[in-house]
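**Student:** Take a look at upload09.tsv, TSV, C-alpha atoms:
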chain	number	residue	atom	x	y	z
W	23	MET	CA	93.41	113.45	82.76
W	24	SER	CA	94.17	109.91	81.62
W	25	ALA	CA	97.34	108.13	82.68
W	26	LEU	CA	98.82	108.02	79.16
W	27	GLU	CA	97.35	111.26	77.85
W	28	GLY	CA	99.69	112.77	75.26
W	29	VAL	CA	101.37	109.46	74.39
W	30	ARG	CA	101.13	108.82	70.65
W	31	VAL	CA	101.05	105.19	69.54
W	32	LEU	CA	101.34	104.06	65.94
W	33	ASP	CA	99.68	100.65	65.86
W	34	MET	CA	100.67	98.33	62.98
W	35	THR	CA	99.31	95.24	64.67
W	36	HIS	CA	96.67	92.79	63.53
W	37	VAL	CA	94.68	89.76	64.75
W	38	GLN	CA	94.96	89.46	68.58
W	39	SER	CA	98.34	89.63	70.33
W	40	GLY	CA	99.21	93.13	69.14
W	41	PRO	CA	95.72	94.66	69.15
W	42	SER	CA	95.14	93.42	72.71
W	43	ALA	CA	98.26	95.34	73.80
W	44	THR	CA	97.45	98.56	71.97
W	45	GLN	CA	93.85	98.46	73.21
W	46	ILE	CA	95.12	98.51	76.80
W	47	LEU	CA	97.27	101.52	75.91
W	48	ALA	CA	94.25	103.22	74.36
W	49	TRP	CA	92.14	102.46	77.44
W	50	LEU	CA	94.85	104.05	79.58
W	51	GLY	CA	94.59	107.23	77.54
W	52	ALA	CA	97.15	106.95	74.74
W	53	ASP	CA	96.17	108.19	71.28
W	54	VAL	CA	96.40	104.93	69.38
W	55	ILE	CA	96.39	105.27	65.58
W	56	LYS	CA	95.67	101.91	63.99
W	57	LEU	CA	97.50	101.85	60.68
W	58	GLU	CA	95.85	99.40	58.29
W	59	ALA	CA	96.37	98.40	54.69
W	60	PRO	CA	93.54	99.64	52.45
W	61	THR	CA	91.99	96.14	52.77
W	62	GLY	CA	91.97	96.39	56.57
W	63	ASP	CA	92.85	94.10	59.47
W	64	ILE	CA	91.92	90.56	58.42
W	65	THR	CA	89.83	90.08	61.56
W	66	ARG	CA	87.32	92.70	60.42
W	67	LYS	CA	85.83	89.98	58.20
W	68	GLN	CA	86.62	86.87	60.25
W	69	LEU	CA	83.88	85.05	62.19
W	70	ARG	CA	81.26	87.61	61.18
W	71	ASP	CA	77.88	87.41	62.87
W	72	VAL	CA	76.46	90.52	61.17
W	73	ASP	CA	76.68	90.85	57.40
W	74	ASP	CA	78.77	93.74	56.07
W	75	ALA	CA	79.85	94.88	59.52
W	76	ASP	CA	83.07	94.43	61.46
W	77	SER	CA	83.19	91.17	63.36
W	78	LEU	CA	83.18	90.86	67.13
W	79	TYR	CA	86.70	89.48	66.73
W	80	PHE	CA	87.79	92.91	65.52
W	81	THR	CA	85.53	95.16	67.58
W	82	MET	CA	86.43	93.55	70.91
W	83	LEU	CA	90.17	94.07	70.36
W	84	ASN	CA	90.24	97.55	68.87
W	85	CYS	CA	88.12	99.81	71.06
W	86	ASN	CA	89.19	103.40	71.72
W	87	LYS	CA	91.50	103.55	68.67
W	88	ARG	CA	91.53	105.69	65.54
W	89	SER	CA	91.94	104.02	62.15
W	90	ILE	CA	93.88	105.22	59.13
W	91	THR	CA	94.68	103.37	55.92
W	92	LEU	CA	98.03	103.48	54.15
W	93	ASN	CA	99.56	101.52	51.28
W	94	MET	CA	103.05	100.81	52.59
W	95	LYS	CA	104.12	99.40	49.20
W	96	SER	CA	103.93	102.85	47.60
W	97	ASP	CA	106.65	105.49	47.83
W	98	GLU	CA	104.10	108.05	48.99
W	99	GLY	CA	102.88	105.64	51.65
W	100	LYS	CA	106.41	105.14	52.95
W	101	GLU	CA	106.97	108.89	53.03
W	102	ILE	CA	103.80	109.42	55.05
W	103	PHE	CA	104.76	106.55	57.37
W	104	THR	CA	108.14	108.20	57.95
W	105	ARG	CA	106.41	111.42	58.98
W	106	LEU	CA	104.07	109.53	61.32
W	107	VAL	CA	107.00	107.73	62.95
W	108	ALA	CA	108.75	111.05	63.53
W	109	ASP	CA	105.62	112.27	65.33
W	110	SER	CA	105.03	109.15	67.47
W	111	ASP	CA	106.19	107.93	70.86
W	112	VAL	CA	105.56	104.24	70.32
W	113	LEU	CA	105.40	101.95	67.29
W	114	VAL	CA	103.92	98.47	67.80
W	115	GLU	CA	103.93	95.64	65.24
W	116	ASN	CA	103.38	91.89	65.19
W	117	PHE	CA	104.26	90.98	61.61
W	118	GLY	CA	106.39	87.97	60.79
W	119	PRO	CA	110.12	88.34	61.53
W	120	GLY	CA	111.83	90.80	59.18
W	121	THR	CA	108.64	92.17	57.59
W	122	VAL	CA	109.12	95.75	58.72
W	123	ASP	CA	112.80	95.56	57.78
W	124	ARG	CA	111.82	94.53	54.25
W	125	MET	CA	109.55	97.57	54.04
W	126	GLY	CA	112.74	99.60	54.42
W	127	PHE	CA	112.34	100.45	58.09
W	128	THR	CA	115.03	98.69	60.09
W	129	TRP	CA	115.56	99.55	63.74
W	130	ASP	CA	118.54	101.68	62.75
W	131	LYS	CA	116.39	103.55	60.22
W	132	LEU	CA	113.59	104.08	62.74
W	133	GLN	CA	116.10	105.41	65.30
W	134	GLU	CA	117.42	107.79	62.68
W	135	ILE	CA	113.91	109.07	62.01
W	136	ASN	CA	113.01	109.36	65.70
W	137	PRO	CA	115.66	108.69	68.38
W	138	ARG	CA	112.95	108.83	71.09
W	139	LEU	CA	110.82	106.12	69.46
W	140	ILE	CA	109.92	103.01	71.44
W	141	TYR	CA	109.60	100.18	68.93
W	142	ALA	CA	107.68	97.17	70.28
W	143	SER	CA	107.65	93.90	68.37
W	144	ILE	CA	105.65	90.77	69.14
W	145	LYS	CA	106.91	87.56	67.57
W	146	GLY	CA	106.17	83.88	68.02
W	147	PHE	CA	109.63	82.94	69.24
W	148	GLY	CA	112.95	84.39	70.27
W	149	ASP	CA	116.23	84.09	68.41
W	150	GLY	CA	117.16	80.53	67.56
W	151	PRO	CA	115.88	77.54	65.57
W	152	TYR	CA	112.21	78.58	65.88
W	153	THR	CA	112.66	82.25	64.92
W	154	HIS	CA	110.95	82.04	61.54
W	155	TYR	CA	108.26	79.53	62.51
W	156	LYS	CA	104.67	80.69	62.32
W	157	ALA	CA	103.01	80.98	65.71
W	158	TYR	CA	99.36	80.99	66.70
W	159	GLU	CA	97.67	80.98	70.09
W	160	VAL	CA	97.71	77.24	70.66
W	161	VAL	CA	101.14	76.80	69.06
W	162	ALA	CA	102.48	79.13	71.75
W	163	GLN	CA	100.62	77.14	74.41
W	164	ALA	CA	102.10	73.93	73.01
W	165	MET	CA	105.67	75.22	73.03
W	166	GLY	CA	105.50	77.29	76.20
W	167	GLY	CA	104.69	74.52	78.68
W	168	SER	CA	100.95	74.98	79.00
W	169	MET	CA	99.53	72.09	76.97
W	170	SER	CA	101.79	69.37	78.34
W	171	THR	CA	100.63	70.22	81.87
W	172	THR	CA	96.91	70.80	81.13
W	173	GLY	CA	94.37	67.98	81.20
W	174	PHE	CA	94.08	64.65	82.98
W	175	ASP	CA	96.91	62.14	83.16
W	176	ASP	CA	95.00	59.55	81.13
W	177	GLY	CA	94.09	61.99	78.37
W	178	PRO	CA	95.76	64.10	75.69
W	179	PRO	CA	97.37	67.49	76.27
W	180	LEU	CA	94.77	70.26	76.20
W	181	ALA	CA	94.68	73.93	75.24
W	182	THR	CA	93.31	76.36	77.79
W	183	GLY	CA	90.36	78.57	76.90
W	184	ALA	CA	92.28	81.59	78.19
W	185	GLN	CA	94.21	83.20	75.34
W	186	ILE	CA	97.51	83.16	77.17
W	187	GLY	CA	99.50	83.01	73.93
W	188	ASP	CA	97.91	86.05	72.30
W	189	SER	CA	96.36	88.32	74.93
W	190	GLY	CA	98.84	87.04	77.51
W	191	THR	CA	101.66	88.20	75.27
W	192	GLY	CA	99.82	91.47	74.72
W	193	ILE	CA	99.81	92.37	78.41
W	194	HIS	CA	103.51	91.47	78.68
W	195	THR	CA	104.11	93.87	75.78
W	196	VAL	CA	102.21	96.62	77.58
W	197	ALA	CA	104.52	96.18	80.58
W	198	GLY	CA	107.57	96.48	78.34
W	199	ILE	CA	106.28	99.61	76.60
W	200	LEU	CA	105.42	101.32	79.88
W	201	ALA	CA	108.87	100.47	81.28
W	202	ALA	CA	110.53	101.89	78.16
W	203	LEU	CA	108.46	105.08	78.39
W	204	LEU	CA	109.51	105.48	82.02
W	205	GLN	CA	113.17	104.93	81.18
W	206	ARG	CA	112.95	107.39	78.26
W	207	GLY	CA	111.90	110.01	80.78
W	208	ASN	CA	115.33	109.62	82.37
W	209	THR	CA	117.52	109.04	79.31
W	210	GLY	CA	115.64	110.82	76.52
W	211	ARG	CA	116.23	107.78	74.30
W	212	GLY	CA	113.84	105.23	72.85
W	213	GLN	CA	114.54	101.52	72.68
W	214	ARG	CA	113.30	98.22	71.30
W	215	VAL	CA	110.79	96.12	73.22
W	216	SER	CA	110.65	92.49	72.10
W	217	VAL	CA	108.19	89.91	73.40
W	218	ALA	CA	107.84	86.35	72.11
W	219	MET	CA	104.60	84.44	72.51
W	220	GLN	CA	106.44	81.28	73.60
W	221	HIS	CA	108.28	83.26	76.26
W	222	ALA	CA	105.11	84.88	77.60
W	223	VAL	CA	103.38	81.49	77.95
W	224	LEU	CA	106.45	80.08	79.67
W	225	ASN	CA	106.40	82.95	82.15
W	226	LEU	CA	102.79	82.09	82.97
W	227	CYS	CA	103.77	78.41	83.42
W	228	ARG	CA	106.63	79.05	85.82
W	229	VAL	CA	105.13	76.92	88.61
W	230	LYS	CA	105.37	73.89	86.34
W	231	LEU	CA	109.08	74.57	85.89
W	232	ARG	CA	109.26	74.79	89.67
W	233	ASP	CA	107.68	71.35	89.90
W	234	GLN	CA	109.95	69.95	87.18
W	235	GLN	CA	112.90	70.65	89.45
W	236	ARG	CA	111.08	69.35	92.53
W	237	LEU	CA	110.70	65.97	90.82
W	238	ALA	CA	114.35	65.29	91.66
W	239	GLY	CA	113.16	64.80	95.24
W	240	GLY	CA	110.52	62.24	94.32
W	241	PRO	CA	106.77	62.24	93.62
W	242	LEU	CA	104.86	65.49	93.98
W	243	ARG	CA	102.58	64.69	96.91
W	244	GLU	CA	100.07	67.48	96.25
W	245	TYR	CA	99.39	66.04	92.79
W	246	PRO	CA	96.67	63.37	92.50
W	247	ASN	CA	98.71	61.24	90.07
W	248	SER	CA	99.61	57.71	91.08
W	249	GLU	CA	102.76	57.54	88.95
W	250	PHE	CA	105.53	60.03	88.20
W	251	GLY	CA	108.21	59.91	85.55
W	252	ASP	CA	110.87	62.48	84.78
W	253	GLU	CA	108.49	65.26	83.70
W	254	VAL	CA	105.60	67.11	85.30
W	255	PRO	CA	102.38	65.20	84.56
W	256	ARG	CA	98.95	66.53	83.72
W	257	SER	CA	97.14	66.76	87.03
W	258	GLY	CA	93.53	67.46	86.14
W	259	ASN	CA	92.02	70.16	88.34
W	260	ALA	CA	94.53	69.88	91.16
W	261	SER	CA	95.67	73.28	92.37
W	262	GLY	CA	99.32	72.26	92.24
W	263	GLY	CA	100.03	74.65	95.11
W	264	GLY	CA	100.37	74.47	98.85
W	265	GLN	CA	96.63	74.06	99.46
W	266	PRO	CA	94.78	71.20	97.70
W	267	GLY	CA	91.83	72.08	95.51
W	268	TRP	CA	89.45	70.35	93.09
W	269	ALA	CA	86.33	71.02	91.04
W	270	VAL	CA	83.44	69.02	92.52
W	271	ARG	CA	80.06	68.44	90.92
W	272	CYS	CA	76.86	70.11	92.05
W	273	ALA	CA	73.16	69.73	91.32
W	274	PRO	CA	71.53	69.51	88.84
W	275	GLY	CA	74.54	68.04	87.06
W	276	GLY	CA	74.94	70.26	83.98
W	277	PRO	CA	78.28	70.78	82.19
W	278	ASN	CA	79.19	73.75	84.39
W	279	ASP	CA	77.47	72.71	87.61
W	280	TYR	CA	80.74	72.54	89.50
W	281	ILE	CA	82.40	74.49	92.24
W	282	TYR	CA	86.12	74.68	92.88
W	283	VAL	CA	86.96	74.10	96.54
W	284	ILE	CA	90.26	74.77	98.34
W	285	VAL	CA	90.85	72.87	101.58
W	286	GLN	CA	93.03	74.95	103.87
W	287	PRO	CA	94.10	73.53	107.24
W	288	GLN	CA	91.62	75.76	109.08
W	289	GLY	CA	88.90	74.89	106.60
W	290	TRP	CA	88.83	71.16	107.28
W	291	ALA	CA	86.69	71.31	110.44
W	292	PRO	CA	83.82	73.38	108.94
W	293	ILE	CA	83.92	71.29	105.75
W	294	ALA	CA	83.74	68.06	107.76
W	295	ARG	CA	80.69	69.39	109.62
W	296	LEU	CA	78.99	70.59	106.42
W	297	ILE	CA	79.37	67.22	104.70
W	298	GLY	CA	78.03	65.39	107.74
W	299	ARG	CA	81.34	63.82	108.82
W	300	PRO	CA	82.25	65.70	112.06
W	301	GLU	CA	84.04	62.62	113.41
W	302	LEU	CA	86.81	63.22	110.85
W	303	ILE	CA	87.83	66.50	112.50
W	304	ASP	CA	89.87	64.76	115.19
W	305	ASP	CA	90.45	61.44	113.41
W	306	PRO	CA	94.27	61.10	113.15
W	307	ASP	CA	93.83	59.69	109.64
W	308	TRP	CA	92.16	62.94	108.53
W	309	ALA	CA	92.89	65.65	111.09
W	310	THR	CA	96.06	67.13	109.53
W	311	PRO	CA	96.99	68.26	106.02
W	312	GLU	CA	99.77	65.64	105.98
W	313	ALA	CA	97.30	62.89	106.82
W	314	ARG	CA	94.90	63.99	104.08
W	315	LEU	CA	97.57	64.43	101.42
W	316	SER	CA	97.75	60.73	100.55
W	317	LYS	CA	93.98	60.49	100.00
W	318	LEU	CA	92.97	63.72	98.34
W	319	ASP	CA	90.83	61.86	95.82
W	320	LYS	CA	88.80	60.29	98.64
W	321	MET	CA	88.53	63.62	100.46
W	322	PHE	CA	87.10	65.40	97.43
W	323	SER	CA	84.81	62.46	96.71
W	324	MET	CA	83.29	62.88	100.17
W	325	ILE	CA	82.88	66.60	99.60
W	326	GLU	CA	81.26	65.89	96.23
W	327	GLU	CA	78.72	63.55	97.82
W	328	TRP	CA	77.51	66.60	99.72
W	329	THR	CA	77.73	69.15	96.87
W	330	LEU	CA	75.71	66.89	94.56
W	331	GLY	CA	72.72	67.59	96.78
W	332	HIS	CA	72.91	71.36	96.26
W	333	ASP	CA	73.33	73.80	93.38
W	334	LYS	CA	76.64	75.62	93.08
W	335	TRP	CA	75.24	78.92	94.35
W	336	SER	CA	73.98	77.29	97.54
W	337	VAL	CA	77.33	75.57	98.04
W	338	LEU	CA	79.08	78.91	97.44
W	339	ALA	CA	76.99	80.58	100.15
W	340	ARG	CA	77.44	77.76	102.68
W	341	LEU	CA	81.20	77.53	102.22
W	342	ASN	CA	81.70	81.28	102.36
W	343	GLU	CA	79.86	81.40	105.68
W	344	HIS	CA	82.90	79.53	107.00
W	345	ASN	CA	85.54	81.40	104.95
W	346	VAL	CA	86.31	78.36	102.82
W	347	PRO	CA	87.94	79.49	99.55
W	348	CYS	CA	85.79	78.38	96.64
W	349	GLY	CA	84.36	79.54	93.36
W	350	PRO	CA	81.58	78.28	91.08
W	351	ILE	CA	82.52	77.37	87.52
W	352	LEU	CA	80.92	80.20	85.56
W	353	SER	CA	79.82	79.57	82.00
W	354	THR	CA	80.30	82.22	79.33
W	355	LYS	CA	76.55	82.89	79.50
W	356	GLU	CA	76.70	83.41	83.26
W	357	ILE	CA	79.71	85.70	82.90
W	358	ILE	CA	78.20	87.92	80.21
W	359	GLU	CA	75.04	88.26	82.32
W	360	ASP	CA	76.85	88.76	85.67
W	361	SER	CA	75.66	92.00	87.28
W	362	SER	CA	78.77	92.34	89.46
W	363	LEU	CA	81.03	92.25	86.41
W	364	ALA	CA	78.83	94.88	84.78
W	365	ASP	CA	78.95	96.99	87.94
W	366	ASN	CA	82.76	96.79	87.84
W	367	ASP	CA	82.83	97.81	84.16
W	368	MET	CA	84.24	94.45	83.15
W	369	ILE	CA	81.29	93.55	80.92
W	370	VAL	CA	80.36	96.70	79.04
W	371	SER	CA	77.91	97.54	76.26
W	372	VAL	CA	79.24	99.58	73.36
W	373	ASP	CA	77.40	101.20	70.44
W	374	HIS	CA	78.90	100.49	67.02
W	375	PRO	CA	77.90	102.63	64.02
W	376	GLU	CA	77.27	99.62	61.76
W	377	ARG	CA	76.51	96.61	63.93
W	378	GLY	CA	74.67	98.33	66.77
W	379	GLU	CA	75.25	97.49	70.43
W	380	PHE	CA	77.65	94.74	71.40
W	381	LYS	CA	79.13	93.59	74.68
W	382	THR	CA	82.84	93.46	75.32
W	383	VAL	CA	85.35	93.09	78.13
W	384	GLY	CA	86.26	96.27	79.96
W	385	CYS	CA	89.67	97.39	81.12
W	386	PRO	CA	90.94	95.08	83.90
W	387	ILE	CA	93.40	97.71	85.15
W	388	LYS	CA	91.66	100.16	87.47
W	389	LEU	CA	93.34	103.50	88.22
W	390	SER	CA	91.73	105.82	90.77
W	391	ASP	CA	92.65	109.01	88.90
W	392	SER	CA	92.29	107.67	85.36
W	393	PRO	CA	88.89	106.04	84.81
W	394	VAL	CA	88.38	104.23	81.51
W	395	ARG	CA	85.45	104.68	79.20
W	396	VAL	CA	85.27	101.96	76.56
W	397	GLU	CA	84.44	103.44	73.16
W	398	SER	CA	83.64	101.78	69.85
W	399	SER	CA	86.30	100.33	67.58
W	400	PRO	CA	86.89	102.46	64.47
W	401	LEU	CA	85.57	101.79	61.00
W	402	LEU	CA	88.26	101.13	58.39
W	403	GLY	CA	90.00	104.41	57.61
W	404	GLN	CA	87.48	106.38	59.66
W	405	HIS	CA	90.11	108.82	60.93
W	406	THR	CA	92.48	109.05	57.96
W	407	ALA	CA	91.51	112.62	57.01
W	408	GLU	CA	91.43	113.72	60.66
W	409	VAL	CA	94.82	112.28	61.58
W	410	PHE	CA	96.54	113.37	58.38
W	411	ALA	CA	95.33	116.94	58.84
W	412	GLU	CA	96.09	117.01	62.56
W	413	ARG	CA	99.50	115.34	62.49
W	414	LEU	CA	100.82	116.02	59.00
W	415	GLY	CA	98.98	119.12	57.78
W	416	ILE	CA	97.56	117.31	54.76
W	417	ASP	CA	94.59	119.18	53.31
W	418	GLU	CA	91.54	117.84	51.42
W	419	THR	CA	93.10	118.38	48.00
W	420	GLU	CA	96.20	116.35	48.85
W	421	LEU	CA	94.05	113.76	50.54
W	422	ALA	CA	92.02	113.34	47.35
W	423	GLU	CA	95.24	112.87	45.37
W	424	LEU	CA	96.47	110.21	47.80
W	425	LYS	CA	93.18	108.38	47.44
W	426	ALA	CA	93.26	108.62	43.63
W	427	ASN	CA	96.82	107.20	43.66
W	428	GLY	CA	95.84	104.24	45.88
W	429	VAL	CA	97.97	105.39	48.81
W	430	ILE	CA	94.98	105.39	51.18
Let me see the file written as structure tokens.
**Tutor:**
Amino acid sequence: MSALEGVRVLDMTHVQSGPSATQILAWLGADVIKLEAPTGDITRKQLRDVDDADSLYFTMLNCNKRSITLNMKSDEGKEIFTRLVADSDVLVENFGPGTVDRMGFTWDKLQEINPRLIYASIKGFGDGPYTHYKAYEVVAQAMGGSMSTTGFDDGPPLATGAQIGDSGTGIHTVAGILAALLQRGNTGRGQRVSVAMQHAVLNLCRVKLRDQQRLAGGPLREYPNSEFGDEVPRSGNASGGGQPGWAVRCAPGGPNDYIYVIVQPQGWAPIARLIGRPELIDDPDWATPEARLSKLDKMFSMIEEWTLGHDKWSVLARLNEHNVPCGPILSTKEIIEDSSLADNDMIVSVDHPERGEFKTVGCPIKLSDSPVRVESSPLLGQHTAEVFAERLGIDETELAELKANGVI
């Protein structure tokens, strides 16, 4: 039995933030019905690598779901939607603010149809001056605190490759939905779940807000920056935490021939020996974390002089022999070919009926009694007849009429 077996999710989401959330729910066992306009989710055709087949953009965000099509502009479509809402536990949408209301389905209306419904909405921003602004992944990063604190102090703000605005918001939405389902078990009532992309990014940037307040006490000593103003600076690859870290270069010098090294107090002696500087172990100018804090750049330069003579895998092995926290910078090619990730079902191969086999990311949440099997994303409208018959009792004759009338 899957963790969310029996939970019915009506998925009106598109692009990434919403589909990433509903895919997690599907992986955890919910029956996720992806409701699409007859033209389909726009990402089916975006960034295509195989002609006339759903793109990887779509397939990698919509596994384990069933797809139905419905024209929500038609009266018949709205009537069918009403029946689906009455039969669902969760409704998820990430349209622009007010879109679902304009379809005629306000929160009050949805509660009237199904008082137990959990209605989850993903928006770019919360209530206020930005409410109706359009939001995309990097817009959320820009306005949530990520970009201003990412990069080097002599360069421009940078976006992170991690989709913290979209998929980061998606996982926050999953948490809200699961909490609402748990509370409904006690109260019998549904509720609204609202998550803003800006808010989710800000939650992931909380340590930078910590450091903003610490600036009142003077320069942040664990940062490598030479100057501090009244805002948290970009600090390159500094860890920004209690233990200093940096990405140092390795042989042969390619774009990802780096390893990230953390220097804990107990790690200094083995590192000093490995780099050929054992005299620094007891040198008062280097022996303590406080002594090293003012010259972190020089410390990591000395470590890099050693790592440049070895590839990152050799450095990884040597450092781990001494329990020094470190990690090689893995390229996307190295990740997709990593056998340990495959063994942990984090890189999985999936058969698609039109495009053939593709690789995707597996479920990162591992439950001992609810294993996840990643299945193909659905073709557009693949399950319309199945779902309509199963949920609504619509037979083939009525289905043909709906199709002739442009409802599906």
**Student:** Extract, using all atoms listed in the file, all DNA, RNA and protein residues at most 7 Å from segment 193-195 of chain W, discarding same-chain residues fewer than 2 positions from it, and format them as a PyMOL selection string.
**Tutor:** chain W and resi 43+189-191+197-199+217+222
**Student:** Atom CA of Val254 of chain W and atom CA of Gln163 of chain W, how far apart in Å?
**Tutor:**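 These two atoms are separated by 15.6 Å.
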**Student:** Any idea what the distance is between atom CA of Ala269 of chain W and atom CA of Val283 of chain W?
**Tutor:**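 Computed distance, atom CA of Ala269 of chain W to atom CA of Val283 of chain W, equals 6.3 Å.
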**Student:** So which residues touch Ser390 of chain W within 12 Å, counting all atoms listed in the file, skipping near sequence neighbours fewer than 4 positions away, as a ChimeraX atom specification?
**Tutor:** /W:23-25,50,394
**Student:** Let's have the selection written as a PDB file, keeping the file's coordinate frame, with C-alpha atoms.
**Tutor:**
ATOM      1  CA  MET W  23      93.410 113.450  82.760  1.00  0.00           C
ATOM      2  CA  SER W  24      94.170 109.910  81.620  1.00  0.00           C
ATOM      3  CA  ALA W  25      97.340 108.130  82.680  1.00  0.00           C
ATOM      4  CA  LEU W  50      94.850 104.050  79.580  1.00  0.00           C
ATOM      5  CA  VAL W 394      88.380 104.230  81.510  1.00  0.00           C
TER       6      VAL W 394
END
**Student:** May I ask for the distance between atom CA of Lys425 of chain W and atom CA of Glu115 of chain W, given in Å to one decimal place?
**Tutor:**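 Here the two named atoms are 24.4 Å from each other.
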**Student:** I'd like the neighbourhood of Ala294 of chain W as JSON, numbers by chain, where a residue qualifies if any of its atoms comes within 10 Å (using all atoms listed in the file), though same-chain residues fewer than 5 positions away should be ignored.
**Tutor:** {"W": [289, 299, 300, 301, 302, 303, 308, 321, 324, 325]}
**Student:** Give me, as a PDB file with C-alpha atoms, in the frame of the given file, all polymer residues having an atom no more than 9 Å from Gly212 of chain W, counting all atoms listed in the file and skipping those fewer than 6 positions away in the same chain.
**Tutor:**
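Final output, saved to part_0.pdb:
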ATOM      1  CA  ASP W 111     106.190 107.930  70.860  1.00  0.00           C
ATOM      2  CA  VAL W 112     105.560 104.240  70.320  1.00  0.00           C
ATOM      3  CA  GLN W 133     116.100 105.410  65.300  1.00  0.00           C
ATOM      4  CA  ASN W 136     113.010 109.360  65.700  1.00  0.00           C
ATOM      5  CA  PRO W 137     115.660 108.690  68.380  1.00  0.00           C
ATOM      6  CA  ARG W 138     112.950 108.830  71.090  1.00  0.00           C
ATOM      7  CA  LEU W 139     110.820 106.120  69.460  1.00  0.00           C
ATOM      8  CA  ILE W 140     109.920 103.010  71.440  1.00  0.00           C
ATOM      9  CA  TYR W 141     109.600 100.180  68.930  1.00  0.00           C
ATOM     10  CA  ALA W 202     110.530 101.890  78.160  1.00  0.00           C
ATOM     11  CA  LEU W 203     108.460 105.080  78.390  1.00  0.00           C
ATOM     12  CA  GLN W 205     113.170 104.930  81.180  1.00  0.00           C
ATOM     13  CA  ARG W 206     112.950 107.390  78.260  1.00  0.00           C
TER      14      ARG W 206
END
**Student:** Enclose segment 336-349 of chain W, meaning all of its atoms listed in the file, in a box aligned along x, y and z, pad it by 5 Å on each side, and list the centre and edge lengths in Å to one decimal, as JSON.
**Tutor:**
{"center_x": 81.0, "center_y": 78.5, "center_z": 100.2, "size_x": 24.0, "size_y": 15.8, "size_z": 23.6}
